[in-house]
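S.K.: One structure, as structure tokens, below. Some questions next.
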Number of protein chains: 2
Amino acid sequence: MNPPLSREACAARDAADPLAPLRAQFSLPPGVIYLDGNSLGVLPARAASRVQQVITEEWGRGLIRSWNDAGWIDLPRRVGDKIARLVGARPGEVVVADSTSVNLYKVLSAALRIAGSRTGPTPRRVVVSERSNFPTDLYIAESLVEQQGMRLELLDIDDIPARLREDVAVLMLTQVNYRTGRMADMADLSARAHAVGALAVWDLAHSAGAVPVDLNGAGADFAVGCGYKYLNGGPGAPAFCWVHARHVESFRQPLSGWMGHAAPFVFQPGYEPAPGIARYLCGTPPVLGIAALECGVDTVLAAEALGGMPALRAKSVELTELFIQLVRERLGASGLRPFGPSHAGQRGSQVSLAVPVDGSIDGYALMQALIERGVIGDYRAGDGSAAHPHLLRFGFTPLYLRYVDVFDAVQVLAELLESGAWREPRFARKAAVT
Amino acid sequence: MNPPLSREACAARDAADPLAPLRAQFSLPPGVIYLDGNSLGVLPARAASRVQQVITEEWGRGLIRSWNDAGWIDLPRRVGDKIARLVGARPGEVVVADSTSVNLYKVLSAALRIAGSRTGPTPRRVVVSERSNFPTDLYIAESLVEQQGMRLELLDIDDIPARLREDVAVLMLTQVNYRTGRMADMADLSARAHAVGALAVWDLAHSAGAVPVDLNGAGADFAVGCGYKYLNGGPGAPAFCWVHARHVESFRQPLSGWMGHAAPFVFQPGYEPAPGIARYLCGTPPVLGIAALECGVDTVLAAEALGGMPALRAKSVELTELFIQLVRERLGASGLRPFGPSHAGQRGSQVSLAVPVDGSIDGYALMQALIERGVIGDYRAGDGSAAHPHLLRFGFTPLYLRYVDVFDAVQVLAELLESGAWREPRFARKAAVT
């Protein structure tokens with residue numbers, strides 16, 4: 001057994017951390033240890049001045065001319081190309097547009113049409129996904145399967161490989177589960193889907209900027225991702241989508257707005273989809289949002305000179321392992337237990353702690369008390385069972401988190417549990433969520 | 001015949017204009033007469049500091065807490081309620097979300113389902129629209145009619161009333177035509193649609209903030225609108241949508257993302273649409289974009305104390321009438337002619353000038369030369385025929401335009417035509433748009 005970890009040992013790891021300089025890219029509030037970058041990334045220091053420049057110079061002075069002069073019209077593709085570098089896509093394969101939900105609607109529509117049109121002994125009428133996939137993905141899938149007379153089947157992740165049979169049109173998964181942090185094997189599951197003639201649609205919400213992703217290498221078919229989590233793009237940042245070259249021109253996605261037209265400024269009736277991924281654009285690009293997102297993406301790309309995503313991943317694994325070790329050493333008696341993959345290779349850049357099923361800890365109140373003390377994570381209710389417990393969720397972003405932050409966060413949590421201060425009534429949930 | 005208009009007479013009208021103080025709300029570049037607010041509205045002076053506050057304080061310091069503490073989660077409804085005041089909708093009937101194109105997809109889907117399910121002697125399989133409706137509207141309709149086995153019929157606006165028969169599911173129009181500025185009679189056409197059992201879907205892109213709109217009074221069924229034109233919300237600002245109370249809960253629109261769920265933070269599979277217009281939300285709200293849009297909407301609402309939309313409309317009519325009169329007086333010999341409604345009551349807040357069909361004026365080059373001299377309008381190519389000519393398009397925003405601006409703009413245009421300076425090769429289009 002290892003000796004208990006000390007704060008000094010953590011500080012020594014920070015001093016030796018080659019990624020440590022990346023923290024200076026951010027504007028972090030004093031007194032806060034931010035373990036919620038998996039929900040909303042922190043502010044890149046450059047974003048404020050960049051957005052200000054867009055507003056006062058490009059919009060204020062350039063006005064309509066800035067669509068060309070400031071390159072606004074190219075933003076979806078330009079920032080898409082930057083994101084492509086983080087997810088194993090080629091230049092010209094990714095666009096920034098709309099929200100993750102809207103983009104999922106586009107790509108899942110396309111996937112269902114392509115897979116549904118494949119002939120075989122069995123009609124392909126099923127979309128398979130994970131029961132605990134992020135709800136918006138399931139809601140969008142629900143809408144599309146109803147529209148197309150198909151069916152959505154939700155399974156535990158471990159039961160999915162056996163369910164991939166000839167009646168499956170699409171396997172739709174979020175690569176890293178938002179509750180457990182468990183990371184699915186994109187290459188393996190995509191291959192299994194392909195082996196039965198199905199297509200694989202991936203949501204990278206908790207992967208892009210968090211773990212190495214190789215969409216082309218993994219043979220994925222479609223992907224969407226979120227701009228405001230590990231890409232640090234700001235609240236409600238635009239999302240992105242990717243389509244494999246083998247599919248990109250085989251379908252006209254249903255949200256056929258003018259920006260996806262082959263010649264949007266010719267103003268002709270009659271939709272002709274643009275070549276390539278641009279056909280996945282729809283309305284006018286949200287310039288302020290994309291400008292902020294670009295600053296966020298740049299904070300991740302800044303790691304390229306220091307080893308890139310593999311180096312970020314290595315630190316992320318060390319941070320989550322450190323957190324788990326500290327929780328086991330110091331919180332073991334509390335009943336809080338790490339929930340999710342015990343092997344780092346299956347874990348995204350987050351760790352959830354399950355609240356005891358005996359109800360001895362009110363996870364909601366504990367998280368509120370923790371936030372008040374400057375340690376920001378979030379709370380995700382389950383049904384309270386051992387299989388689907390209430391969770392304290394913590395994201396670990398190697399771009400700006402230090403090893404001492406992990407130590408201090410567990411320290412604050414330990415103190416709270418020891419003092420019972422989280423039991424103060426003001427931390428309790430005000431009203432039931434119904 | 002009236003005596004020729006003088007600049008002094010225009011200045012006198014400015015001095016007597018009760019709306020003149022509204023101009024101080026904007027940050028206008030020096031030396032520019034901006035006649036393109038129908039394409040991208042100008043910068044409200046408050047927008048830069050407000051967005052800065054959102055970025056540095058709410059995002060930077062508040063981080064994830066700002067979804068509640070700064071009210072981010074309420075932005076779509078709060079700003080929707082402000083827009084509602086401009087379009088004859090009640091509080092709780094409008095949400096800000098996505099783009100105009102995406103919102104049109106939502107409401108047109110709903111309208112087609114509702115109308116298509118109505119029983120009658122003839123199946124309702126037709127969407128009727130205007131041939132020169134803005135292309136993105138037609139592209140979205142094209143996608144939906146194909147999806148639902150229906151048909152899109154495009155007509156000249158004057159032929160539409162006669163086409164409204166029992167096979168029509170939806171009449172879909174942009175209230176003010178983007179090329180001609182012609183304003184359709186929303187109440188009359190909605191009533192004609194209803195008389196044959198069809199529904200009326202309205203795009204307010206060139207109406208909201210530009211002309212008085214009374215959605216409930218006109219009996220419209222669905223509407224969408226744009227945030228970045230007369231609402232001054234900034235480049236690619238989020239759009240809005242409205243659904244009449246009689247329809248709002250009768251259908252679950254297909255873009256069923258988590259923000260339209262009855263309880264988005266319960267994280268349950270199984271979509272249950274929120275009550276009311278909130279079910280027309282989809283993904284996470286674009287906070288920066290909505291914050292800027294709110295500043296823009298506030299610039300229009302500031303007119304409420306000075307007579308509101310009717311007062312803005314009265315000035316808008318005076319501005320367009322003045323422009324037309326000046327064009328007739330001073331440019332008559334050039335061959336440029338006002339194109340669109342001659343009666344102000346049928347005209348939105350814009351005037352287009354048709355380029356002579358004999359090709360004696362290159363409208364594109366003329367507009368570039370005009371822009372270089374600080375008079376910003378835009379150019380919209382047609383097919384060059386008398387019915388569908390190439391257009392110089394000018395928007396007139398009474399919030400910030402002065403009568404002398406109109407005089408000066410025509411003066412610059414007259415000088416350009418007289419000198420022929422627009423013929424310099426650098427103004428010609430570099431490459432054909434194909």
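Chain labels A, B, ... are given in the sequence in which chains occur in the structure tokens; within each chain residues are numbered consecutively from 1, and ligands are likewise numbered from 1 in the order shown.
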What residues in chain A lie within 7 Å of chain B, counting only C-alpha atoms, written as a VMD selection string?

M.R.: chain A and resid 27 to 29 40 42 to 43 48 52 55 to 56 59 to 61 63 to 64 98 to 102 135 to 136 138 to 140 143 235 to 237 254 to 258 263 266 to 271 282 to 289 433 to 434

S.K.: Just want the 9 Å neighbourhood of range 393-399 of chain A, counted on only C-alpha atoms, with same-chain residues fewer than 4 positions away dropped. Output as a PyMOL selection string.

M.R.: chain A and resi 19-23+25-26+34-39+41+179-180+210+230+299-300+303+312-317+319-320+349-354+376-380+406

S.K.: My list of candidates is A:Ala184, A:Ala89, A:Ala193, A:Cys10. Which is closest to Asp214 in chain A when distances are computed with only C-alpha atoms?

M.R.: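 Distance minimum relative to Asp214 in chain A lands on A:Ala89.
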
S.K.: Range 90-271 of chain B: which residues are helix (DSSP H, G or I) by DSSP, as an MDAnalysis selection string?

M.R.: chainID B and resid 100:116 135:147 157:163 186:195 215:218 258:260 264:266

S.K.: Please provide the set of residues having any atom within 12 Å of Arg118 in chain B, restricted to only C-alpha atoms, with same-chain residues fewer than 4 positions apart removed, written as a list in words.

M.R.: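 Final neighbour list, sorted by chain and number: Ala111, Leu112, Arg113, Ile114, Thr122, Pro123, Arg124, Arg125, Glu166, Asp167, Val168, Ala169, Val170, Val196, Gly197, Ala198 and Leu199 of chain B.
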
S.K.: Using only C-alpha atoms, which of the listed residues (B:Pro356, B:Gly233, B:Gly116, B:Pro4) sits closest to Leu293 in chain B?

M.R.: B:Gly233

S.K.: I need the strand (DSSP E) residues of range 193-294 of chain A per DSSP on the backbone, written as a ChimeraX atom specification.

M.R.: /A:199-203,222-225,239-243

S.K.: Can you write just those residues out, N, CA and C atoms, as a PDB file, in the first residue's frame?

M.R.:
```pdb
ATOM      1  N   LEU A 199     -24.795   1.836 -38.865  1.00  0.00           N
ATOM      2  CA  LEU A 199     -23.877   2.975 -38.827  1.00  0.00           C
ATOM      3  C   LEU A 199     -23.684   3.423 -37.374  1.00  0.00           C
ATOM      4  N   ALA A 200     -22.559   4.097 -37.134  1.00  0.00           N
ATOM      5  CA  ALA A 200     -22.222   4.536 -35.779  1.00  0.00           C
ATOM      6  C   ALA A 200     -22.195   6.057 -35.708  1.00  0.00           C
ATOM      7  N   VAL A 201     -23.055   6.603 -34.853  1.00  0.00           N
ATOM      8  CA  VAL A 201     -23.149   8.052 -34.629  1.00  0.00           C
ATOM      9  C   VAL A 201     -22.636   8.340 -33.219  1.00  0.00           C
ATOM     10  N   TRP A 202     -21.678   9.243 -33.124  1.00  0.00           N
ATOM     11  CA  TRP A 202     -21.015   9.503 -31.841  1.00  0.00           C
ATOM     12  C   TRP A 202     -21.225  10.943 -31.389  1.00  0.00           C
ATOM     13  N   ASP A 203     -21.565  11.085 -30.122  1.00  0.00           N
ATOM     14  CA  ASP A 203     -21.617  12.405 -29.497  1.00  0.00           C
ATOM     15  C   ASP A 203     -20.324  12.575 -28.695  1.00  0.00           C
ATOM     16  N   PHE A 222     -20.593   9.302 -38.186  1.00  0.00           N
ATOM     17  CA  PHE A 222     -21.056  10.669 -37.933  1.00  0.00           C
ATOM     18  C   PHE A 222     -20.664  11.051 -36.508  1.00  0.00           C
ATOM     19  N   ALA A 223     -20.468  12.340 -36.286  1.00  0.00           N
ATOM     20  CA  ALA A 223     -20.202  12.786 -34.917  1.00  0.00           C
ATOM     21  C   ALA A 223     -20.696  14.218 -34.723  1.00  0.00           C
ATOM     22  N   VAL A 224     -21.080  14.499 -33.507  1.00  0.00           N
ATOM     23  CA  VAL A 224     -21.400  15.866 -33.094  1.00  0.00           C
ATOM     24  C   VAL A 224     -20.636  16.134 -31.804  1.00  0.00           C
ATOM     25  N   GLY A 225     -20.530  17.384 -31.448  1.00  0.00           N
ATOM     26  CA  GLY A 225     -19.850  17.698 -30.197  1.00  0.00           C
ATOM     27  C   GLY A 225     -20.225  19.070 -29.695  1.00  0.00           C
ATOM     28  N   ALA A 239     -22.093  24.404 -31.400  1.00  0.00           N
ATOM     29  CA  ALA A 239     -21.606  23.029 -31.399  1.00  0.00           C
ATOM     30  C   ALA A 239     -20.938  22.731 -32.744  1.00  0.00           C
ATOM     31  N   PHE A 240     -20.564  21.478 -32.949  1.00  0.00           N
ATOM     32  CA  PHE A 240     -19.939  21.144 -34.225  1.00  0.00           C
ATOM     33  C   PHE A 240     -20.438  19.811 -34.733  1.00  0.00           C
ATOM     34  N   CYS A 241     -20.237  19.559 -36.005  1.00  0.00           N
ATOM     35  CA  CYS A 241     -20.555  18.227 -36.507  1.00  0.00           C
ATOM     36  C   CYS A 241     -19.568  17.792 -37.579  1.00  0.00           C
ATOM     37  N   TRP A 242     -19.433  16.500 -37.659  1.00  0.00           N
ATOM     38  CA  TRP A 242     -18.497  15.840 -38.573  1.00  0.00           C
ATOM     39  C   TRP A 242     -19.228  14.693 -39.252  1.00  0.00           C
ATOM     40  N   VAL A 243     -18.930  14.520 -40.523  1.00  0.00           N
ATOM     41  CA  VAL A 243     -19.491  13.387 -41.263  1.00  0.00           C
ATOM     42  C   VAL A 243     -18.340  12.749 -42.034  1.00  0.00           C
TER      43      VAL A 243
END
```

S.K.: Between CA of Ile157 in chain B and CA of Ser117 in chain B, what is the spacing in Å?

M.R.: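 About the pair CA of Ser117 in chain B and CA of Ile157 in chain B: they are 26.7 Å apart.
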
S.K.: I'd like to know which of B:Phe427, B:Tyr178, B:Tyr280, B:Phe407 is closest to Val375 in chain B, using only C-alpha atoms.

M.R.: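 Between B:Phe427, B:Tyr178, B:Tyr280, B:Phe407, the residue approaching Val375 in chain B most closely is B:Phe407.
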
S.K.: Find the residues near Gln411 in chain A: any atom within 9 Å, counting only C-alpha atoms, skip ones fewer than 5 places away on the same chain, and give them as a count of residues only.

M.R.: 4

S.K.: Return the single residue from B:Val357, B:Met172, B:Ile277, B:Val248 that is closest to Val96 in chain B, with distances computed using only C-alpha atoms.

M.R.: B:Ile277

S.K.: Just want the 10 Å neighbourhood of Arg328 in chain A, counted on only C-alpha atoms, with same-chain residues fewer than 6 positions away dropped. Output as a list in words.

M.R.: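 These residues fall inside the cut-off: Leu322, Ser334, Leu336, Arg337 and Pro338 of chain A.
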
S.K.: Using the selection just defined, write its residues with N, CA and C atoms as an mmCIF file, in the first residue's frame.

M.R.:
```
data_model
loop_
_atom_site.group_PDB
_atom_site.id
_atom_site.type_symbol
_atom_site.label_atom_id
_atom_site.label_comp_id
_atom_site.auth_asym_id
_atom_site.auth_seq_id
_atom_site.Cartn_x
_atom_site.Cartn_y
_atom_site.Cartn_z
ATOM 1 N N LEU A 322 -5.376 10.444 -8.989
ATOM 2 C CA LEU A 322 -5.055 11.108 -7.724
ATOM 3 C C LEU A 322 -6.320 11.366 -6.912
ATOM 4 N N SER A 334 -16.872 7.687 4.895
ATOM 5 C CA SER A 334 -18.092 8.489 4.729
ATOM 6 C C SER A 334 -19.180 7.727 3.987
ATOM 7 N N LEU A 336 -19.154 7.677 0.715
ATOM 8 C CA LEU A 336 -19.001 8.122 -0.671
ATOM 9 C C LEU A 336 -18.047 7.166 -1.377
ATOM 10 N N ARG A 337 -18.415 6.756 -2.592
ATOM 11 C CA ARG A 337 -17.496 5.850 -3.298
ATOM 12 C C ARG A 337 -17.412 6.231 -4.773
ATOM 13 N N PRO A 338 -16.205 6.113 -5.316
ATOM 14 C CA PRO A 338 -16.063 6.395 -6.745
ATOM 15 C C PRO A 338 -16.984 5.489 -7.549
#
```
